[in-house]
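> If it helps, the file is called target07.pdb and holds PDB, C-alpha atoms:
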```
ATOM      1  CA  MET A   1     -59.907 188.965 -29.996  1.00  0.00           C
ATOM      2  CA  GLU A   2     -58.745 186.082 -27.824  1.00  0.00           C
ATOM      3  CA  SER A   3     -60.049 186.548 -24.305  1.00  0.00           C
ATOM      4  CA  TYR A   4     -61.772 184.713 -21.491  1.00  0.00           C
ATOM      5  CA  HIS A   5     -63.471 185.459 -18.182  1.00  0.00           C
ATOM      6  CA  THR A   6     -62.174 184.122 -14.899  1.00  0.00           C
ATOM      7  CA  ILE A   7     -61.935 184.854 -11.183  1.00  0.00           C
ATOM      8  CA  TYR A   8     -59.377 187.406 -10.042  1.00  0.00           C
ATOM      9  CA  ARG A   9     -60.233 187.171  -6.367  1.00  0.00           C
ATOM     10  CA  GLY A  10     -62.554 184.582  -4.857  1.00  0.00           C
ATOM     11  CA  GLY A  11     -65.342 185.346  -2.440  1.00  0.00           C
ATOM     12  CA  SER A  12     -67.949 183.780  -0.200  1.00  0.00           C
ATOM     13  CA  GLY A  13     -71.735 184.077  -0.253  1.00  0.00           C
ATOM     14  CA  GLU A  14     -74.507 182.548   1.828  1.00  0.00           C
ATOM     15  CA  ILE A  15     -78.239 181.966   1.531  1.00  0.00           C
ATOM     16  CA  THR A  16     -80.780 180.321   3.855  1.00  0.00           C
ATOM     17  CA  GLU A  17     -83.590 178.090   2.632  1.00  0.00           C
ATOM     18  CA  LYS A  18     -86.044 176.651   5.203  1.00  0.00           C
ATOM     19  CA  LYS A  19     -83.399 176.965   7.912  1.00  0.00           C
ATOM     20  CA  SER A  20     -80.755 175.139   5.845  1.00  0.00           C
ATOM     21  CA  ARG A  21     -77.620 177.260   5.334  1.00  0.00           C
ATOM     22  CA  PHE A  22     -75.870 177.136   1.976  1.00  0.00           C
ATOM     23  CA  ILE A  23     -72.385 178.694   2.016  1.00  0.00           C
ATOM     24  CA  ALA A  24     -70.646 179.132  -1.358  1.00  0.00           C
ATOM     25  CA  ASP A  25     -66.879 179.606  -1.494  1.00  0.00           C
ATOM     26  CA  VAL A  26     -65.269 180.555  -4.808  1.00  0.00           C
ATOM     27  CA  PHE A  27     -61.604 180.051  -5.698  1.00  0.00           C
ATOM     28  CA  PRO A  28     -59.467 180.813  -8.770  1.00  0.00           C
ATOM     29  CA  VAL A  29     -57.702 177.595  -9.797  1.00  0.00           C
ATOM     30  CA  SER A  30     -55.508 176.389 -12.630  1.00  0.00           C
ATOM     31  CA  SER A  31     -55.711 172.610 -12.102  1.00  0.00           C
ATOM     32  CA  GLU A  32     -57.809 169.808 -10.624  1.00  0.00           C
ATOM     33  CA  GLU A  33     -55.162 169.296  -7.953  1.00  0.00           C
ATOM     34  CA  GLU A  34     -55.499 172.900  -6.808  1.00  0.00           C
ATOM     35  CA  ALA A  35     -59.296 172.583  -6.694  1.00  0.00           C
ATOM     36  CA  MET A  36     -59.066 169.456  -4.522  1.00  0.00           C
ATOM     37  CA  LEU A  37     -56.737 171.232  -2.091  1.00  0.00           C
ATOM     38  CA  TYR A  38     -59.333 173.981  -1.680  1.00  0.00           C
ATOM     39  CA  LEU A  39     -62.002 171.323  -1.178  1.00  0.00           C
ATOM     40  CA  GLU A  40     -60.035 169.797   1.681  1.00  0.00           C
ATOM     41  CA  GLU A  41     -59.557 173.233   3.248  1.00  0.00           C
ATOM     42  CA  THR A  42     -63.290 173.867   3.010  1.00  0.00           C
ATOM     43  CA  ARG A  43     -64.140 170.511   4.579  1.00  0.00           C
ATOM     44  CA  LYS A  44     -61.840 171.285   7.505  1.00  0.00           C
ATOM     45  CA  LYS A  45     -63.273 174.780   7.888  1.00  0.00           C
ATOM     46  CA  TYR A  46     -66.867 173.521   7.954  1.00  0.00           C
ATOM     47  CA  TRP A  47     -66.091 170.159   9.528  1.00  0.00           C
ATOM     48  CA  ASP A  48     -69.548 169.785  11.071  1.00  0.00           C
ATOM     49  CA  ALA A  49     -71.532 170.383   7.850  1.00  0.00           C
ATOM     50  CA  ARG A  50     -73.502 167.616   6.151  1.00  0.00           C
ATOM     51  CA  HIS A  51     -72.584 168.260   2.490  1.00  0.00           C
ATOM     52  CA  HIS A  52     -69.779 169.924   0.524  1.00  0.00           C
ATOM     53  CA  CYS A  53     -71.009 169.968  -3.088  1.00  0.00           C
ATOM     54  CA  TRP A  54     -68.816 171.401  -5.813  1.00  0.00           C
ATOM     55  CA  ALA A  55     -67.954 171.972  -9.442  1.00  0.00           C
ATOM     56  CA  TYR A  56     -65.038 173.365 -11.369  1.00  0.00           C
ATOM     57  CA  VAL A  57     -64.078 174.412 -14.882  1.00  0.00           C
ATOM     58  CA  VAL A  58     -60.384 174.528 -15.803  1.00  0.00           C
ATOM     59  CA  GLY A  59     -58.695 175.381 -19.092  1.00  0.00           C
ATOM     60  CA  ARG A  60     -59.941 176.425 -22.504  1.00  0.00           C
ATOM     61  CA  THR A  61     -60.695 174.711 -25.816  1.00  0.00           C
ATOM     62  CA  PRO A  62     -61.175 172.145 -24.489  1.00  0.00           C
ATOM     63  CA  CYS A  63     -61.931 172.841 -20.865  1.00  0.00           C
ATOM     64  CA  MET A  64     -62.089 170.237 -18.099  1.00  0.00           C
ATOM     65  CA  GLU A  65     -65.239 170.067 -15.972  1.00  0.00           C
ATOM     66  CA  ARG A  66     -66.093 168.034 -12.897  1.00  0.00           C
ATOM     67  CA  MET A  67     -68.827 168.156 -10.269  1.00  0.00           C
ATOM     68  CA  SER A  68     -70.005 166.338  -7.149  1.00  0.00           C
ATOM     69  CA  ASP A  69     -73.344 166.064  -5.319  1.00  0.00           C
ATOM     70  CA  ASP A  70     -71.546 164.806  -2.199  1.00  0.00           C
ATOM     71  CA  GLY A  71     -74.494 162.756  -0.947  1.00  0.00           C
ATOM     72  CA  GLU A  72     -77.311 165.010  -2.141  1.00  0.00           C
ATOM     73  CA  PRO A  73     -79.817 163.446  -4.595  1.00  0.00           C
ATOM     74  CA  ALA A  74     -78.215 163.007  -8.014  1.00  0.00           C
ATOM     75  CA  GLY A  75     -78.269 166.133 -10.144  1.00  0.00           C
ATOM     76  CA  THR A  76     -79.481 168.491  -7.395  1.00  0.00           C
ATOM     77  CA  ALA A  77     -76.185 170.113  -6.347  1.00  0.00           C
ATOM     78  CA  GLY A  78     -73.069 169.644  -8.486  1.00  0.00           C
ATOM     79  CA  LYS A  79     -74.834 170.180 -11.798  1.00  0.00           C
ATOM     80  CA  PRO A  80     -76.617 173.403 -10.713  1.00  0.00           C
ATOM     81  CA  ILE A  81     -73.293 174.768  -9.454  1.00  0.00           C
ATOM     82  CA  LEU A  82     -71.620 173.867 -12.745  1.00  0.00           C
ATOM     83  CA  GLU A  83     -74.443 175.485 -14.715  1.00  0.00           C
ATOM     84  CA  VAL A  84     -73.923 178.744 -12.813  1.00  0.00           C
ATOM     85  CA  ILE A  85     -70.222 178.691 -13.750  1.00  0.00           C
ATOM     86  CA  ARG A  86     -71.091 177.952 -17.378  1.00  0.00           C
ATOM     87  CA  GLY A  87     -73.783 180.620 -17.421  1.00  0.00           C
ATOM     88  CA  ASN A  88     -71.206 183.222 -16.398  1.00  0.00           C
ATOM     89  CA  HIS A  89     -68.818 181.934 -19.121  1.00  0.00           C
ATOM     90  CA  LEU A  90     -66.063 181.373 -16.559  1.00  0.00           C
ATOM     91  CA  THR A  91     -63.054 179.096 -16.525  1.00  0.00           C
ATOM     92  CA  ASP A  92     -60.248 178.388 -14.050  1.00  0.00           C
ATOM     93  CA  VAL A  93     -62.764 178.547 -11.198  1.00  0.00           C
ATOM     94  CA  PHE A  94     -63.795 176.203  -8.386  1.00  0.00           C
ATOM     95  CA  VAL A  95     -67.045 176.640  -6.449  1.00  0.00           C
ATOM     96  CA  VAL A  96     -67.906 174.596  -3.369  1.00  0.00           C
ATOM     97  CA  VAL A  97     -71.256 174.972  -1.615  1.00  0.00           C
ATOM     98  CA  THR A  98     -71.428 173.763   1.967  1.00  0.00           C
ATOM     99  CA  ARG A  99     -74.837 172.853   3.386  1.00  0.00           C
ATOM    100  CA  TYR A 100     -75.873 172.862   7.021  1.00  0.00           C
ATOM    101  CA  PHE A 101     -79.151 170.928   7.188  1.00  0.00           C
ATOM    102  CA  GLY A 102     -81.948 172.862   8.845  1.00  0.00           C
ATOM    103  CA  GLY A 103     -84.286 169.976   9.573  1.00  0.00           C
ATOM    104  CA  THR A 104     -86.707 170.424   6.663  1.00  0.00           C
ATOM    105  CA  LEU A 105     -86.451 168.453   3.420  1.00  0.00           C
ATOM    106  CA  LEU A 106     -86.364 170.744   0.396  1.00  0.00           C
ATOM    107  CA  GLY A 107     -87.163 168.235  -2.355  1.00  0.00           C
ATOM    108  CA  THR A 108     -85.229 168.001  -5.591  1.00  0.00           C
ATOM    109  CA  GLY A 109     -86.570 171.274  -7.004  1.00  0.00           C
ATOM    110  CA  GLY A 110     -85.822 173.130  -3.790  1.00  0.00           C
ATOM    111  CA  LEU A 111     -82.283 171.770  -3.665  1.00  0.00           C
ATOM    112  CA  VAL A 112     -81.586 172.758  -7.267  1.00  0.00           C
ATOM    113  CA  ARG A 113     -82.822 176.296  -6.591  1.00  0.00           C
ATOM    114  CA  ALA A 114     -80.860 176.586  -3.361  1.00  0.00           C
ATOM    115  CA  TYR A 115     -77.555 175.372  -4.800  1.00  0.00           C
ATOM    116  CA  THR A 116     -78.043 177.563  -7.861  1.00  0.00           C
ATOM    117  CA  GLU A 117     -78.752 180.665  -5.781  1.00  0.00           C
ATOM    118  CA  ALA A 118     -75.867 179.966  -3.409  1.00  0.00           C
ATOM    119  CA  ALA A 119     -73.353 179.511  -6.230  1.00  0.00           C
ATOM    120  CA  ALA A 120     -74.603 182.698  -7.904  1.00  0.00           C
ATOM    121  CA  GLU A 121     -74.261 184.604  -4.626  1.00  0.00           C
ATOM    122  CA  GLY A 122     -70.705 183.320  -4.204  1.00  0.00           C
ATOM    123  CA  LEU A 123     -69.797 184.630  -7.660  1.00  0.00           C
ATOM    124  CA  ARG A 124     -71.441 187.986  -6.902  1.00  0.00           C
ATOM    125  CA  GLN A 125     -69.094 188.302  -3.934  1.00  0.00           C
ATOM    126  CA  SER A 126     -66.079 187.481  -6.102  1.00  0.00           C
ATOM    127  CA  SER A 127     -64.075 189.587  -8.538  1.00  0.00           C
ATOM    128  CA  ILE A 128     -64.559 188.526 -12.164  1.00  0.00           C
ATOM    129  CA  ILE A 129     -62.202 189.789 -14.863  1.00  0.00           C
ATOM    130  CA  GLU A 130     -61.724 189.433 -18.602  1.00  0.00           C
ATOM    131  CA  LYS A 131     -58.207 188.361 -19.537  1.00  0.00           C
ATOM    132  CA  ILE A 132     -57.188 189.572 -22.997  1.00  0.00           C
ATOM    133  CA  HIS A 133     -54.307 188.163 -25.024  1.00  0.00           C
ATOM    134  CA  GLY A 134     -52.022 190.652 -26.704  1.00  0.00           C
ATOM    135  CA  SER A 135     -48.572 192.200 -26.715  1.00  0.00           C
ATOM    136  CA  ARG A 136     -46.692 194.711 -24.638  1.00  0.00           C
ATOM    137  CA  LEU A 137     -45.261 197.163 -27.170  1.00  0.00           C
ATOM    138  CA  ARG A 138     -42.584 199.795 -26.579  1.00  0.00           C
ATOM    139  CA  ILE A 139     -42.951 203.016 -28.556  1.00  0.00           C
ATOM    140  CA  SER A 140     -39.894 205.265 -28.568  1.00  0.00           C
ATOM    141  CA  THR A 141     -40.361 208.877 -29.610  1.00  0.00           C
ATOM    142  CA  ASP A 142     -39.060 212.384 -29.137  1.00  0.00           C
ATOM    143  CA  TYR A 143     -41.123 214.891 -27.203  1.00  0.00           C
ATOM    144  CA  THR A 144     -42.523 216.634 -30.287  1.00  0.00           C
ATOM    145  CA  LEU A 145     -44.565 213.548 -31.239  1.00  0.00           C
ATOM    146  CA  LEU A 146     -45.590 212.551 -27.700  1.00  0.00           C
ATOM    147  CA  GLY A 147     -48.972 214.284 -27.706  1.00  0.00           C
ATOM    148  CA  LYS A 148     -49.942 212.814 -31.055  1.00  0.00           C
ATOM    149  CA  ILE A 149     -49.029 209.280 -29.986  1.00  0.00           C
ATOM    150  CA  GLN A 150     -50.872 209.658 -26.675  1.00  0.00           C
ATOM    151  CA  TYR A 151     -53.923 210.788 -28.628  1.00  0.00           C
ATOM    152  CA  MET A 152     -53.789 207.702 -30.872  1.00  0.00           C
ATOM    153  CA  ILE A 153     -53.468 205.454 -27.832  1.00  0.00           C
ATOM    154  CA  GLY A 154     -56.418 207.163 -26.157  1.00  0.00           C
ATOM    155  CA  GLN A 155     -58.603 207.037 -29.269  1.00  0.00           C
ATOM    156  CA  ARG A 156     -58.210 203.270 -29.420  1.00  0.00           C
ATOM    157  CA  GLY A 157     -58.829 202.853 -25.690  1.00  0.00           C
ATOM    158  CA  LEU A 158     -55.538 201.032 -25.218  1.00  0.00           C
ATOM    159  CA  HIS A 159     -53.839 200.501 -21.863  1.00  0.00           C
ATOM    160  CA  LEU A 160     -50.699 202.503 -21.162  1.00  0.00           C
ATOM    161  CA  ALA A 161     -48.624 200.239 -18.914  1.00  0.00           C
ATOM    162  CA  ASP A 162     -45.618 202.509 -18.351  1.00  0.00           C
ATOM    163  CA  SER A 163     -43.987 205.787 -19.413  1.00  0.00           C
ATOM    164  CA  ILE A 164     -40.244 206.443 -19.165  1.00  0.00           C
ATOM    165  CA  TYR A 165     -39.014 210.011 -19.720  1.00  0.00           C
ATOM    166  CA  THR A 166     -35.324 210.625 -20.453  1.00  0.00           C
ATOM    167  CA  GLU A 167     -33.872 212.472 -23.444  1.00  0.00           C
ATOM    168  CA  LYS A 168     -36.683 210.677 -25.310  1.00  0.00           C
ATOM    169  CA  VAL A 169     -39.903 209.008 -24.249  1.00  0.00           C
ATOM    170  CA  ASP A 170     -40.589 205.273 -24.078  1.00  0.00           C
ATOM    171  CA  LEU A 171     -44.252 204.324 -23.828  1.00  0.00           C
ATOM    172  CA  GLU A 172     -45.233 200.761 -23.020  1.00  0.00           C
ATOM    173  CA  VAL A 173     -48.677 199.898 -24.376  1.00  0.00           C
ATOM    174  CA  LEU A 174     -50.774 196.751 -24.035  1.00  0.00           C
ATOM    175  CA  VAL A 175     -52.456 195.959 -27.343  1.00  0.00           C
ATOM    176  CA  PRO A 176     -54.913 193.101 -28.046  1.00  0.00           C
ATOM    177  CA  ASP A 177     -53.827 190.750 -30.822  1.00  0.00           C
ATOM    178  CA  ALA A 178     -56.688 191.824 -33.070  1.00  0.00           C
ATOM    179  CA  GLU A 179     -55.607 195.472 -32.962  1.00  0.00           C
ATOM    180  CA  GLU A 180     -51.835 195.185 -33.131  1.00  0.00           C
ATOM    181  CA  LYS A 181     -51.363 195.308 -36.921  1.00  0.00           C
ATOM    182  CA  ALA A 182     -53.619 198.350 -37.393  1.00  0.00           C
ATOM    183  CA  PHE A 183     -52.096 200.127 -34.390  1.00  0.00           C
ATOM    184  CA  ARG A 184     -48.539 199.615 -35.651  1.00  0.00           C
ATOM    185  CA  GLU A 185     -49.526 200.981 -39.049  1.00  0.00           C
ATOM    186  CA  GLU A 186     -51.219 203.992 -37.469  1.00  0.00           C
ATOM    187  CA  ILE A 187     -48.165 204.826 -35.370  1.00  0.00           C
ATOM    188  CA  THR A 188     -45.825 204.474 -38.345  1.00  0.00           C
ATOM    189  CA  GLU A 189     -47.998 206.566 -40.668  1.00  0.00           C
ATOM    190  CA  GLY A 190     -48.963 209.120 -38.033  1.00  0.00           C
ATOM    191  CA  THR A 191     -45.351 209.835 -37.091  1.00  0.00           C
ATOM    192  CA  GLY A 192     -43.849 209.505 -40.551  1.00  0.00           C
ATOM    193  CA  GLY A 193     -41.830 206.535 -39.362  1.00  0.00           C
ATOM    194  CA  LYS A 194     -40.044 208.644 -36.729  1.00  0.00           C
ATOM    195  CA  ALA A 195     -41.356 206.665 -33.747  1.00  0.00           C
ATOM    196  CA  GLY A 196     -39.815 203.283 -33.077  1.00  0.00           C
ATOM    197  CA  ILE A 197     -42.093 200.410 -32.097  1.00  0.00           C
ATOM    198  CA  GLU A 198     -41.061 196.969 -30.864  1.00  0.00           C
ATOM    199  CA  THR A 199     -42.584 193.983 -29.086  1.00  0.00           C
ATOM    200  CA  ILE A 200     -41.413 193.428 -25.526  1.00  0.00           C
ATOM    201  CA  GLU A 201     -43.484 190.310 -24.853  1.00  0.00           C
ATOM    202  CA  GLU A 202     -46.732 188.510 -25.522  1.00  0.00           C
ATOM    203  CA  CYS A 203     -48.995 188.351 -22.496  1.00  0.00           C
ATOM    204  CA  TRP A 204     -52.468 188.293 -21.009  1.00  0.00           C
ATOM    205  CA  PHE A 205     -53.764 191.428 -19.311  1.00  0.00           C
ATOM    206  CA  ALA A 206     -56.886 192.603 -17.530  1.00  0.00           C
ATOM    207  CA  ASP A 207     -58.480 195.481 -15.672  1.00  0.00           C
ATOM    208  CA  THR A 208     -58.767 194.394 -12.037  1.00  0.00           C
ATOM    209  CA  GLU A 209     -59.895 195.931  -8.773  1.00  0.00           C
ATOM    210  CA  ASP A 210     -56.172 196.548  -8.134  1.00  0.00           C
ATOM    211  CA  GLY A 211     -55.709 198.298 -11.488  1.00  0.00           C
ATOM    212  CA  LEU A 212     -54.200 197.012 -14.715  1.00  0.00           C
ATOM    213  CA  ARG A 213     -52.484 193.647 -14.302  1.00  0.00           C
ATOM    214  CA  VAL A 214     -50.316 191.620 -16.672  1.00  0.00           C
ATOM    215  CA  PHE A 215     -50.403 187.820 -16.403  1.00  0.00           C
ATOM    216  CA  GLN A 216     -47.872 185.334 -17.761  1.00  0.00           C
ATOM    217  CA  GLU A 217     -49.465 182.108 -18.982  1.00  0.00           C
TER     218      GLU A 217
END
```
How does this structure look as structure tokens?

Amino acid sequence: MESYHTIYRGGSGEITEKKSRFIADVFPVSSEEEAMLYLEETRKKYWDARHHCWAYVVGRTPCMERMSDDGEPAGTAGKPILEVIRGNHLTDVFVVVTRYFGGTLLGTGGLVRAYTEAAAEGLRQSSIIEKIHGSRLRISTDYTLLGKIQYMIGQRGLHLADSIYTEKVDLEVLVPDAEEKAFREEITEGTGGKAGIETIEECWFADTEDGLRVFQE
């Protein structure tokens, strides 16, 4: 099944280490240009902070990755942030961690831990979803077969996107690519070929905090 994890809604998290504040802001992005716009917004928001360290991952197979220590010792900020993104298997995400210096040096190990923990806290405050590639199918049936078709949909755990009731019933179902062939065969066999089934569109879809969402990519 073709799928990937990404950010549906960004968030913000903060930790304190020896009086230094580390504020992580997370944004869903689809390009480097979009990530850099968010970076500029963050710099303006926290204009008096010492460092704005960041990393992003955009795209899939291959993905594009970049990171910045923004004046921190090399490898102590951008890389830990990037590793947190990688560890959560995310793409199309930008994380920037702003540091307000608290007066005490943390050392390289302390900085790595702090930027790692801040980035992880930012992701915990964000909404992560799994986008699945599949098709929106329309199943047309009379009312006598409705219950049977609904049962087959439920048994497979598929998402029912819409139901239209007129003199017949049209059910719109979101089906992952890997399941489409078997599901079509099951509908055809289970209804004796009496239910029509057609593809409306290919799409990405996901369960979100706002309910089922369809994405065009």
> Which residues, named as in the file, does the PyMOL selection byres ((chain A and resi 15-31) around 6) pick out? Answer as a list in words.
Ile7, Gly10, Gly11, Ser12, Gly13, Glu14, Glu32, Glu33, Glu34, Asp92, Val93, Phe94, Val95, Val96, Val97, Thr98, Arg99, Tyr100, Phe101, Gly102, Ala118, Ala119 and Gly122 of chain A
> To one decimal place, how far is atom CA of A:Leu111 from atom CA of A:Ser127 in Å?
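For atom CA of A:Leu111 relative to atom CA of A:Ser127, the distance reads 25.9 Å.
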> Out of A:Leu146, A:Ala161, A:Cys203, A:Ala182, which residue has the shortest atom-to-atom distance to A:Gln216 when counting only C-alpha atoms?
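That would be A:Cys203, the residue with the smallest distance to A:Gln216.
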> Written as a compact mmCIF listing (two decimals) with C-alpha atoms, keeping the file's coordinate frame, which residues does the PyMOL selection byres ((chain A and resi 71-83) around 6) give for the file shown?

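File expr-v1.txt, as written:
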```txt
# COMPACT_ATOMS: atom_id res chain seq x y z
CA CYS A 53 -71.01 169.97 -3.09
CA TRP A 54 -68.82 171.40 -5.81
CA ALA A 55 -67.95 171.97 -9.44
CA MET A 67 -68.83 168.16 -10.27
CA SER A 68 -70.00 166.34 -7.15
CA ASP A 69 -73.34 166.06 -5.32
CA ASP A 70 -71.55 164.81 -2.20
CA VAL A 84 -73.92 178.74 -12.81
CA ILE A 85 -70.22 178.69 -13.75
CA ARG A 86 -71.09 177.95 -17.38
CA GLY A 87 -73.78 180.62 -17.42
CA LEU A 111 -82.28 171.77 -3.66
CA VAL A 112 -81.59 172.76 -7.27
CA TYR A 115 -77.56 175.37 -4.80
CA THR A 116 -78.04 177.56 -7.86
CA ALA A 119 -73.35 179.51 -6.23
```
> Please write out, as lines of an AutoDock Vina configuration file, where the centre of an axis-aligned box around all listed atoms of stretch 22-26 of chain A lies and how long its edges are, in Å to one decimal, after adding 4 Å on each side.

```
center_x = -70.6
center_y = 178.8
center_z = -1.4
size_x = 18.6
size_y = 11.4
size_z = 14.8
```
> Within 9 Å of (-40.5, 204.4, -23.5) (file coordinates; all atoms listed in the file), which protein or nucleic acid residues are there? I'd like them as number ranges by chain.
A: 138-141, 162-166, 168-172
> I need the output of the PyMOL selection byres ((chain A and resi 209) around 12) for this file as a PyMOL selection string; which residues are they?
chain A and resi 7-9+126-130+206-208+210-213
> My list of candidates is A:His89, A:Asp48, A:Glu186, A:Gly103. Which is closest to A:Gln155 when distances are computed with only C-alpha atoms?
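Distance minimum relative to A:Gln155 lands on A:Glu186.
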> Quick one: distance from atom CA of A:Thr6 to atom CA of A:Arg124 in Å, one decimal?
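Between atom CA of A:Thr6 and atom CA of A:Arg124 the gap is 12.8 Å.
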> By how many Å are atom CA of A:Arg184 and atom CA of A:Ile197 apart?
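Value for the atom CA of A:Arg184-atom CA of A:Ile197 distance: 7.4 Å.
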